[in-house]
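Read through the structure below, which is laid out as C-alpha cells, and then see the notes.
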Amino acid sequence: MKAAGVKKTGLFWFTHDLRVEDNPALTKAAAEVDQLICIYCVQPKAISSAQQLPNQLSSKRQQFLFETLVDLDKTLEQQGQQLIVRFEYPLDVLPELITQYDFSHIYRSHNAGEYERKIWQTLRNRYAMIEFNQVDTHTLFEKSELPFALDELPQSFSKFRRMVEKITVKAPLEKPLLLPVGDSKNHNNWQAQWHNQFPEMAKNNQPIFRGGAKAGRAHLENYFTTNSASTYKETRNALDGDSLSEINYSTKFSPWLSNGSISPRQIIAQLHQYESQAGANDSTYWIFFELLWREYFQWYAHSHRAKLFKFNGIKNANPTTSFYPERFQKWCQGNTPFPIINACMKQLNATGYMSNRGRQLVASCFVHELNLDWRYGAAYMEQQLIDFDVASNWGNWQYLAGVGADPRGHRRFDLEKQTQIYDPERVFITRWGGDQHLENLDSRDTVDWPI
Ligand SMILES: Cc1cc2nc3c(=O)[nH]c(=O)nc-3n(C[C@H](O)[C@H](O)[C@H](O)COP(=O)(O)OP(=O)(O)OC[C@H]3O[C@@H](n4cnc5c(N)ncnc54)[C@H](O)[C@@H]3O)c2cc1C
C-alpha cells in the first residue's frame with residue numbers, strides 16, 4: 001500500500017505480459033507507487049533463448065509485436081500513461097532510466113527464460129537500494145499454489161496433471177481502476193520514434209492474427225460464441241482448416257497467450273462460462289488439459305533453467321544427432337523428401353503459425369529422419385512462430401528429441417502413416433506446395449553448435 005510522506009516512483013518493465021487487464025504485476029505496482037514509468041525493450045538484434053544463436057525475428061513476429069505494443073500503448077494512454085518502447089538491450093536501457101528517475105521499486109512478470117532470469121538477477125545485484133518485485137502473470141497458478149517445490153517438479157506431465165488439476169484457478173482481476181501518473185515531460189514524439197523503428201515490412205502484409213489485447217479478447221469471445229469448444233477434442237489434431245480462413249479446429253489462443261495479451265485465467269473464466277451454458281464434455285475438458293500442458297512446460301522451464309537449452313536436455317541423454325547445414329536449410333525452406341513436412345514448413349514461413357500436429361511431425365523429422373541437433377530446430381521455430389513461448393517451444397522440442405520429460409524416451413512419427421491419417425486426400429500438401437522441389441539429402445558436412 002502507498003504510505004503518506006516520501007513519493008515512490010516505480011518502473012514497470014513489460015515483457016510477456018502485454019496487457020492491462022488481469023495483470024497482477026501491474027495491479028501490484030499501481031497499488032504501491034505514486035508515479036509509474038512503463039517500458040518495453042525490443043531487443044535490437046534478438047537473441048535466441050539459447051543465448052548462443054543470434055537471430056532475427058521473422059516479419060510475422062515483428063508485425064504481431066508491433067500491433068500488440070500499439071494496442072497496449074493506447075490502453076495505457078487512456079489511463080494517462082505512455083509506453084516507452086526502446087530498441088536496446090535491457091541492461092543498457094534500464095540503468096539509464098534508473099539514473100534518470102531514481103526508482104524505489106521495479107516490477108516485472110515472473111519469466112521462465114534463463115536469459116531473462118539472469119538480467120533480473122544482475123539488476124538486483126547492482127541496485128540493492130531498489131525493491132524488485134516479480135509476480136506470476138503467465139501461468140494458471142502462482143508458484144505458491146503449487147503442491148510441490150520447484151526442484152521437486154514431477155518428472156512426467158501425467159503426474160503433474162494429477163497433482164494440480166483440482167486446484168481452483170483464480171478468477172481474473174479487473175483492470176486497475178487508476179494507474180499512477182507517468183512522466184509527461186518526455187512524451188513528445190516518443191510514439192513516432194518507436195513506430196518508425198519497426199521495419200516497414202512488419203506493417204504491410206495480411207496477417208492471419210492481429211496483435212494486441214483487444215484483438216485477443218475479441219478472438220476469445222468469438223471462439224466461445226461458436227460451438228467449436230464442444231468438438232475441440234475431435235478437431236484439435238487437424239493440420240489446417242477446411243479453407244484458409246477456417247481456423248477454429250483448434251482454439252488459436254496461443255499467439256495472444258504467448259506475449260501475454262490475454263491471460264490463461266481469462267481463458268479458463270470464458271471456458272467455465274461456456275460450459276455453464278452449453279454444457280461440459282470431453283472436449284471442453286480437453287482445452288483445460290492442453291492448458292495444463294502449457295502450465296507444465298512453464299514450471300519445467302522455471303525448474304530446469306539452463307538445462308532447457310542443453311543438447312543433453314534434462315536427462316543427460318546422449319543424442320547421436322549432429323548438424324548438417326544443407327539439410328537444415330532444406331528443412332527450413334520446406335524442401336525435403338517429405339511432402340507433409342514441406343507443407344508444414346511452408347505454412348509456418350508464410351503465416352507464422354503451424355498446427356500442433358504439424359509441429360510434432362516436423363520436429364520428429366528433424367531429429368529422426370534428418371538426424372539434426374534438435375536445438376537448431378527449436379531456434380528456427382523461435383524465430384518464426386508468432387506464438388513463440390520459451391517454455392512451450394524448448395520444452396516440446398526436448399520432449400520430442402528424447403532428452404526431456406517424455407517417459408517413453410523418444411517419439412518417432414511414421415510420416416507416411418501420419419499423411420494417410422491427417423491428409424488422406426493430400427489437400428493440405430497441395431495447398432502449401434509440399435510436393436514441389438523435393439530434394440535429396442546428400443550433404444554430410446557438419447558444423448558444431450556455437451559455444
Ligand atoms: C515442437 C513444438 C514446438 C512448440 N512451440 C510452441 C511455442 O513456441 N509456443 C506455444 O504456445 N506452443 C508451442 N507448442 C505447443 C502447441 O503446438 C501450440 O501451443 C498450439 O499448436 C497452439 O495452437 P492453439 O492455440 O490452437 O492450440 P490448442 O490445441 O487450441 O491448445 C490450447 C492451448 O493449450 C496450450 N497447448 C496446447 N498444446 C500444447 C503443448 N504441446 N505444449 C504447450 N502448450 C500447449 C497452448 O497454450 C494452446 O493455445 C509447440 C509444440 C511442439 C510440438
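Ordered as shown in the C-alpha cells, chains take letters A, B, and onward, while each chain numbers its residues from 1 and ligands are numbered from 1 in the order shown.
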Output the neighbourhood of ligand 1 as a ChimeraX atom specification, that is, all protein and nucleic acid residues with some atom at most 6 Å from the ligand, counting only C-alpha atoms and all ligand atoms. /A:236,250-254,258,287,290-291,293-294,355-356,359-360,363,387-389,392-393,396-397
Restricted to C-alpha atoms, what would the selected residues look like written as an mmCIF file, in the first residue's frame?
```cif
data_model
loop_
_atom_site.group_PDB
_atom_site.id
_atom_site.type_symbol
_atom_site.label_atom_id
_atom_site.label_comp_id
_atom_site.auth_asym_id
_atom_site.auth_seq_id
_atom_site.Cartn_x
_atom_site.Cartn_y
_atom_site.Cartn_z
ATOM 1 C CA ARG A 236 -7.658 -30.325 -32.494
ATOM 2 C CA SER A 250 -8.020 -25.661 -32.532
ATOM 3 C CA THR A 251 -8.512 -22.651 -30.277
ATOM 4 C CA LYS A 252 -5.723 -20.388 -31.664
ATOM 5 C CA PHE A 253 -5.291 -18.805 -28.241
ATOM 6 C CA SER A 254 -1.512 -19.295 -28.408
ATOM 7 C CA SER A 258 2.472 -16.210 -25.591
ATOM 8 C CA ILE A 287 -8.970 -27.362 -23.604
ATOM 9 C CA GLU A 290 -3.922 -28.667 -23.045
ATOM 10 C CA LEU A 291 -3.553 -25.538 -20.942
ATOM 11 C CA TRP A 293 0.465 -28.989 -20.730
ATOM 12 C CA ARG A 294 1.386 -25.354 -21.193
ATOM 13 C CA SER A 355 -0.686 -26.740 -36.015
ATOM 14 C CA ASN A 356 0.344 -28.809 -33.024
ATOM 15 C CA ARG A 359 4.957 -29.174 -35.067
ATOM 16 C CA GLN A 360 5.229 -32.731 -33.772
ATOM 17 C CA ALA A 363 10.309 -31.928 -35.013
ATOM 18 C CA ASP A 387 3.171 -17.693 -30.681
ATOM 19 C CA PHE A 388 6.760 -18.380 -29.642
ATOM 20 C CA ASP A 389 6.913 -19.120 -25.947
ATOM 21 C CA SER A 392 6.482 -24.363 -24.573
ATOM 22 C CA ASN A 393 8.850 -24.311 -27.521
ATOM 23 C CA ASN A 396 8.259 -29.568 -26.514
ATOM 24 C CA TRP A 397 11.433 -29.876 -28.578
#
```
For range 17-32 of chain A, find every residue with an atom within 7 Å (counting only C-alpha atoms), except residues of its own chain fewer than 6 positions away, and show them as an MDAnalysis selection string. chainID A and resid 1:2 72 107:109 135 137:138 172:176 179:180 213 259:263
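Look at range 189-193 of chain A: the protein and nucleic acid residues within 12 Å of it, using only C-alpha atoms and passing over chain neighbours fewer than 3 places away, are A:Ile39, A:Phe66, A:Leu69, A:Val70, A:Asp73, A:Lys74, A:Glu77, A:Gln82, A:Leu83, A:Ile84, A:Val85, A:Arg86, A:Phe87, A:Ser184, A:Lys185, A:Asn186, A:Asn196, A:Gln197, A:Phe198.
Proximity to Tyr285 in chain A was assessed for A:Thr231, A:Thr168, A:Gln383, A:Gln436 counting only C-alpha atoms; the smallest distance is recorded for A:Thr231.
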Every residue of range 318-439 of chain A that DSSP places in helix (DSSP H, G or I), as a PyMOL selection string: chain A and resi 325-333+339-351+356-369+374-384+390-401+415-422+427-431
For range 326-343 of chain A, list every protein, DNA or RNA residue within 10 Å, evaluated using only C-alpha atoms, and leave out those in the same chain fewer than 3 positions away; present the list as a CSV table (one decimal) with C-alpha atoms, in the first residue's frame.
```
chain,number,residue,atom,x,y,z
A,239,LEU,CA,-3.2,-29.8,-39.9
A,323,PHE,CA,24.3,-30.5,-37.6
A,346,LYS,CA,5.9,-23.6,-45.9
A,347,GLN,CA,2.8,-22.9,-43.9
A,348,LEU,CA,5.0,-21.7,-41.0
A,349,ASN,CA,7.1,-19.5,-43.2
A,354,MET,CA,1.7,-24.2,-37.6
A,358,GLY,CA,2.5,-30.3,-37.7
A,359,ARG,CA,5.0,-29.2,-35.1
A,361,LEU,CA,5.8,-34.1,-37.3
A,362,VAL,CA,8.4,-31.5,-38.3
A,363,ALA,CA,10.3,-31.9,-35.0
A,364,SER,CA,10.3,-35.7,-35.3
A,365,CYS,CA,11.5,-35.5,-38.9
A,366,PHE,CA,14.2,-33.0,-37.9
A,369,GLU,CA,14.9,-38.6,-40.3
A,370,LEU,CA,17.4,-35.8,-40.8
A,371,ASN,CA,19.5,-36.6,-37.8
A,372,LEU,CA,19.8,-33.0,-36.9
A,373,ASP,CA,20.7,-31.4,-33.5
A,376,TYR,CA,18.7,-25.7,-34.3
A,377,GLY,CA,15.1,-26.7,-35.0
A,380,TYR,CA,14.3,-21.7,-36.1
A,381,MET,CA,10.8,-22.0,-34.6
A,415,LEU,CA,5.4,-39.7,-41.8
A,416,GLU,CA,3.7,-41.9,-44.5
A,418,GLN,CA,0.6,-39.7,-40.5
A,419,THR,CA,-0.1,-38.4,-44.0
A,422,TYR,CA,-4.3,-36.5,-41.3
A,423,ASP,CA,-4.1,-35.6,-45.0
A,426,ARG,CA,-3.4,-34.6,-49.8
A,428,PHE,CA,-3.0,-29.8,-47.1
A,429,ILE,CA,0.0,-30.9,-49.0
A,430,THR,CA,-1.4,-29.5,-52.3
A,431,ARG,CA,-2.5,-26.2,-50.6
A,432,TRP,CA,1.0,-25.4,-49.3
A,433,GLY,CA,3.0,-26.9,-52.2
A,434,GLY,CA,4.5,-29.7,-50.2
A,435,ASP,CA,5.1,-31.8,-53.4
A,436,GLN,CA,7.2,-29.2,-55.1
A,437,HIS,CA,11.0,-29.2,-55.1
A,438,LEU,CA,11.6,-32.5,-53.3
A,439,GLU,CA,15.3,-32.7,-52.9
A,440,ASN,CA,17.5,-35.5,-51.7
A,441,LEU,CA,19.6,-35.0,-48.6
A,442,ASP,CA,23.1,-35.6,-49.8
A,443,SER,CA,25.2,-33.2,-47.6
A,444,ARG,CA,27.4,-34.7,-45.0
A,445,ASP,CA,29.4,-31.7,-43.8
A,446,THR,CA,28.8,-31.0,-40.1
```
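Ranking A:His368, A:Arg117, A:Tyr232, A:Leu36 by their shortest atom-to-atom distance to Ser322 in chain A, with only C-alpha atoms included, puts A:His368 first.
We find CA of Phe224 in chain A and CA of Ile267 in chain A to be spaced 9.8 Å apart.
If you measure from each of A:Leu308, A:Leu65, A:Gln277, A:Ile268 to His195 in chain A using only C-alpha atoms, the closest one turns out to be A:Leu65.
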Filtered DSSP result for range 80-262 of chain A, state strand (DSSP E or B), as a PyMOL selection string: chain A and resi 83-86+105-109+131-135+181
Would you write out those residues with N, CA and C atoms, as an mmCIF file, in the first residue's frame?
```
data_model
loop_
_atom_site.group_PDB
_atom_site.id
_atom_site.type_symbol
_atom_site.label_atom_id
_atom_site.label_comp_id
_atom_site.auth_asym_id
_atom_site.auth_seq_id
_atom_site.Cartn_x
_atom_site.Cartn_y
_atom_site.Cartn_z
ATOM 1 N N LEU A 83 3.647 4.307 -22.998
ATOM 2 C CA LEU A 83 4.628 3.224 -23.015
ATOM 3 C C LEU A 83 5.925 3.711 -23.656
ATOM 4 N N ILE A 84 7.026 3.513 -22.952
ATOM 5 C CA ILE A 84 8.324 3.793 -23.575
ATOM 6 C C ILE A 84 8.735 2.519 -24.296
ATOM 7 N N VAL A 85 9.011 2.610 -25.579
ATOM 8 C CA VAL A 85 9.493 1.432 -26.313
ATOM 9 C C VAL A 85 10.902 1.748 -26.781
ATOM 10 N N ARG A 86 11.860 0.942 -26.335
ATOM 11 C CA ARG A 86 13.261 1.191 -26.706
ATOM 12 C C ARG A 86 13.826 -0.037 -27.404
ATOM 13 N N HIS A 105 11.032 1.253 -6.729
ATOM 14 C CA HIS A 105 10.518 -0.094 -6.984
ATOM 15 C C HIS A 105 10.640 -0.441 -8.472
ATOM 16 N N ILE A 106 10.905 -1.700 -8.745
ATOM 17 C CA ILE A 106 10.842 -2.185 -10.134
ATOM 18 C C ILE A 106 9.952 -3.441 -10.152
ATOM 19 N N TYR A 107 9.078 -3.492 -11.150
ATOM 20 C CA TYR A 107 8.125 -4.615 -11.251
ATOM 21 C C TYR A 107 8.275 -5.312 -12.594
ATOM 22 N N ARG A 108 8.093 -6.613 -12.556
ATOM 23 C CA ARG A 108 8.102 -7.381 -13.793
ATOM 24 C C ARG A 108 7.335 -8.680 -13.560
ATOM 25 N N SER A 109 6.871 -9.281 -14.659
ATOM 26 C CA SER A 109 6.255 -10.598 -14.525
ATOM 27 C C SER A 109 7.335 -11.662 -14.412
ATOM 28 N N GLU A 131 13.581 -1.863 -4.523
ATOM 29 C CA GLU A 131 12.806 -3.065 -4.219
ATOM 30 C C GLU A 131 12.351 -3.718 -5.528
ATOM 31 N N PHE A 132 12.798 -4.933 -5.767
ATOM 32 C CA PHE A 132 12.444 -5.656 -7.006
ATOM 33 C C PHE A 132 11.271 -6.604 -6.743
ATOM 34 N N ASN A 133 10.287 -6.564 -7.634
ATOM 35 C CA ASN A 133 9.102 -7.415 -7.470
ATOM 36 C C ASN A 133 8.809 -8.190 -8.741
ATOM 37 N N GLN A 134 8.732 -9.500 -8.602
ATOM 38 C CA GLN A 134 8.295 -10.341 -9.730
ATOM 39 C C GLN A 134 6.989 -11.016 -9.339
ATOM 40 N N VAL A 135 6.038 -11.038 -10.257
ATOM 41 C CA VAL A 135 4.727 -11.608 -9.946
ATOM 42 C C VAL A 135 4.380 -12.627 -11.039
ATOM 43 N N VAL A 181 0.401 8.217 -12.078
ATOM 44 C CA VAL A 181 0.775 9.067 -13.213
ATOM 45 C C VAL A 181 2.097 8.606 -13.816
#
```
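Among the candidate residues A:Ala149, A:Arg375, A:Pro199, A:Ser303, the one lying nearest to Leu57 in chain A is A:Pro199, with distances computed using only C-alpha atoms.
From CA of Leu76 in chain A back to CA of Asp183 in chain A, the distance works out to 12.5 Å.
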Give me the residues within 12 Å of range 152-161 of chain A as an NGL selection string, counting only C-alpha atoms and dropping any in the same chain fewer than 6 places off. :A and (143 or 146 or 167 or 288-304 or 314-315 or 395-396 or 399 or 404-409)
Pull N, CA and C atoms from the residues just selected and write them as an mmCIF file, in the first residue's frame.
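New file out10.cif:
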```cif
data_model
loop_
_atom_site.group_PDB
_atom_site.id
_atom_site.type_symbol
_atom_site.label_atom_id
_atom_site.label_comp_id
_atom_site.auth_asym_id
_atom_site.auth_seq_id
_atom_site.Cartn_x
_atom_site.Cartn_y
_atom_site.Cartn_z
ATOM 1 N N LYS A 143 3.274 -19.645 -8.136
ATOM 2 C CA LYS A 143 4.243 -20.620 -7.626
ATOM 3 C C LYS A 143 3.830 -21.116 -6.231
ATOM 4 N N LEU A 146 1.465 -24.137 -6.006
ATOM 5 C CA LEU A 146 1.850 -25.481 -6.459
ATOM 6 C C LEU A 146 2.046 -26.401 -5.251
ATOM 7 N N ILE A 167 -6.862 -27.951 -8.313
ATOM 8 C CA ILE A 167 -6.680 -26.607 -7.717
ATOM 9 C C ILE A 167 -7.602 -25.634 -8.450
ATOM 10 N N PHE A 288 -8.824 -27.384 -21.184
ATOM 11 C CA PHE A 288 -8.144 -27.223 -19.895
ATOM 12 C C PHE A 288 -6.911 -28.139 -19.836
ATOM 13 N N PHE A 289 -7.079 -29.371 -20.312
ATOM 14 C CA PHE A 289 -5.995 -30.353 -20.319
ATOM 15 C C PHE A 289 -4.779 -29.807 -21.086
ATOM 16 N N GLU A 290 -5.035 -29.206 -22.248
ATOM 17 C CA GLU A 290 -3.922 -28.667 -23.045
ATOM 18 C C GLU A 290 -3.295 -27.457 -22.363
ATOM 19 N N LEU A 291 -4.121 -26.675 -21.683
ATOM 20 C CA LEU A 291 -3.553 -25.538 -20.942
ATOM 21 C C LEU A 291 -2.708 -26.031 -19.768
ATOM 22 N N LEU A 292 -3.030 -27.237 -19.280
ATOM 23 C CA LEU A 292 -2.174 -27.815 -18.237
ATOM 24 C C LEU A 292 -0.829 -28.263 -18.809
ATOM 25 N N TRP A 293 -0.821 -28.689 -20.076
ATOM 26 C CA TRP A 293 0.465 -28.989 -20.730
ATOM 27 C C TRP A 293 1.315 -27.721 -20.758
ATOM 28 N N ARG A 294 0.669 -26.641 -21.159
ATOM 29 C CA ARG A 294 1.386 -25.354 -21.193
ATOM 30 C C ARG A 294 1.916 -25.028 -19.791
ATOM 31 N N GLU A 295 1.051 -25.230 -18.805
ATOM 32 C CA GLU A 295 1.427 -24.934 -17.419
ATOM 33 C C GLU A 295 2.638 -25.777 -17.006
ATOM 34 N N TYR A 296 2.589 -27.056 -17.388
ATOM 35 C CA TYR A 296 3.686 -27.953 -17.031
ATOM 36 C C TYR A 296 4.993 -27.420 -17.606
ATOM 37 N N PHE A 297 4.984 -27.045 -18.889
ATOM 38 C CA PHE A 297 6.223 -26.575 -19.510
ATOM 39 C C PHE A 297 6.710 -25.259 -18.897
ATOM 40 N N GLN A 298 5.771 -24.436 -18.416
ATOM 41 C CA GLN A 298 6.217 -23.185 -17.770
ATOM 42 C C GLN A 298 7.032 -23.507 -16.515
ATOM 43 N N TRP A 299 6.484 -24.393 -15.668
ATOM 44 C CA TRP A 299 7.182 -24.688 -14.411
ATOM 45 C C TRP A 299 8.412 -25.561 -14.659
ATOM 46 N N TYR A 300 8.372 -26.329 -15.719
ATOM 47 C CA TYR A 300 9.512 -27.146 -16.157
ATOM 48 C C TYR A 300 10.683 -26.206 -16.487
ATOM 49 N N ALA A 301 10.375 -25.127 -17.210
ATOM 50 C CA ALA A 301 11.433 -24.168 -17.566
ATOM 51 C C ALA A 301 11.954 -23.456 -16.319
ATOM 52 N N HIS A 302 11.054 -23.074 -15.426
ATOM 53 C CA HIS A 302 11.496 -22.433 -14.176
ATOM 54 C C HIS A 302 12.379 -23.392 -13.376
ATOM 55 N N SER A 303 12.016 -24.659 -13.425
ATOM 56 C CA SER A 303 12.727 -25.627 -12.609
ATOM 57 C C SER A 303 14.087 -26.003 -13.213
ATOM 58 N N HIS A 304 14.123 -26.210 -14.531
ATOM 59 C CA HIS A 304 15.355 -26.736 -15.145
ATOM 60 C C HIS A 304 16.270 -25.659 -15.702
ATOM 61 N N ILE A 314 17.374 -32.465 -19.967
ATOM 62 C CA ILE A 314 17.336 -32.601 -18.503
ATOM 63 C C ILE A 314 17.723 -34.010 -18.087
ATOM 64 N N LYS A 315 17.865 -34.884 -19.088
ATOM 65 C CA LYS A 315 18.092 -36.300 -18.763
ATOM 66 C C LYS A 315 19.553 -36.692 -18.822
ATOM 67 N N GLY A 395 10.599 -26.776 -24.352
ATOM 68 C CA GLY A 395 10.141 -27.962 -23.621
ATOM 69 C C GLY A 395 9.602 -29.025 -24.565
ATOM 70 N N ASN A 396 8.790 -28.607 -25.547
ATOM 71 C CA ASN A 396 8.259 -29.568 -26.514
ATOM 72 C C ASN A 396 9.358 -30.163 -27.377
ATOM 73 N N TYR A 399 11.162 -32.766 -25.463
ATOM 74 C CA TYR A 399 10.286 -33.938 -25.340
ATOM 75 C C TYR A 399 10.411 -34.816 -26.581
ATOM 76 N N GLY A 404 13.913 -34.859 -22.825
ATOM 77 C CA GLY A 404 13.081 -34.069 -21.914
ATOM 78 C C GLY A 404 12.185 -34.903 -21.030
ATOM 79 N N ALA A 405 10.915 -34.460 -20.951
ATOM 80 C CA ALA A 405 10.007 -35.012 -19.942
ATOM 81 C C ALA A 405 9.230 -36.233 -20.409
ATOM 82 N N ASP A 406 9.557 -36.793 -21.542
ATOM 83 C CA ASP A 406 8.772 -37.912 -22.051
ATOM 84 C C ASP A 406 9.243 -39.227 -21.443
ATOM 85 N N PRO A 407 8.389 -39.879 -20.650
ATOM 86 C CA PRO A 407 8.828 -41.139 -20.031
ATOM 87 C C PRO A 407 9.115 -42.220 -21.077
ATOM 88 N N ARG A 408 8.544 -42.057 -22.309
ATOM 89 C CA ARG A 408 8.752 -43.081 -23.343
ATOM 90 C C ARG A 408 10.095 -42.976 -24.054
ATOM 91 N N GLY A 409 10.865 -41.948 -23.723
ATOM 92 C CA GLY A 409 12.199 -41.849 -24.340
ATOM 93 C C GLY A 409 12.219 -40.977 -25.568
#
```
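In this structure, CA of Glu246 in chain A sits 21.4 Å away from CA of Gln384 in chain A.
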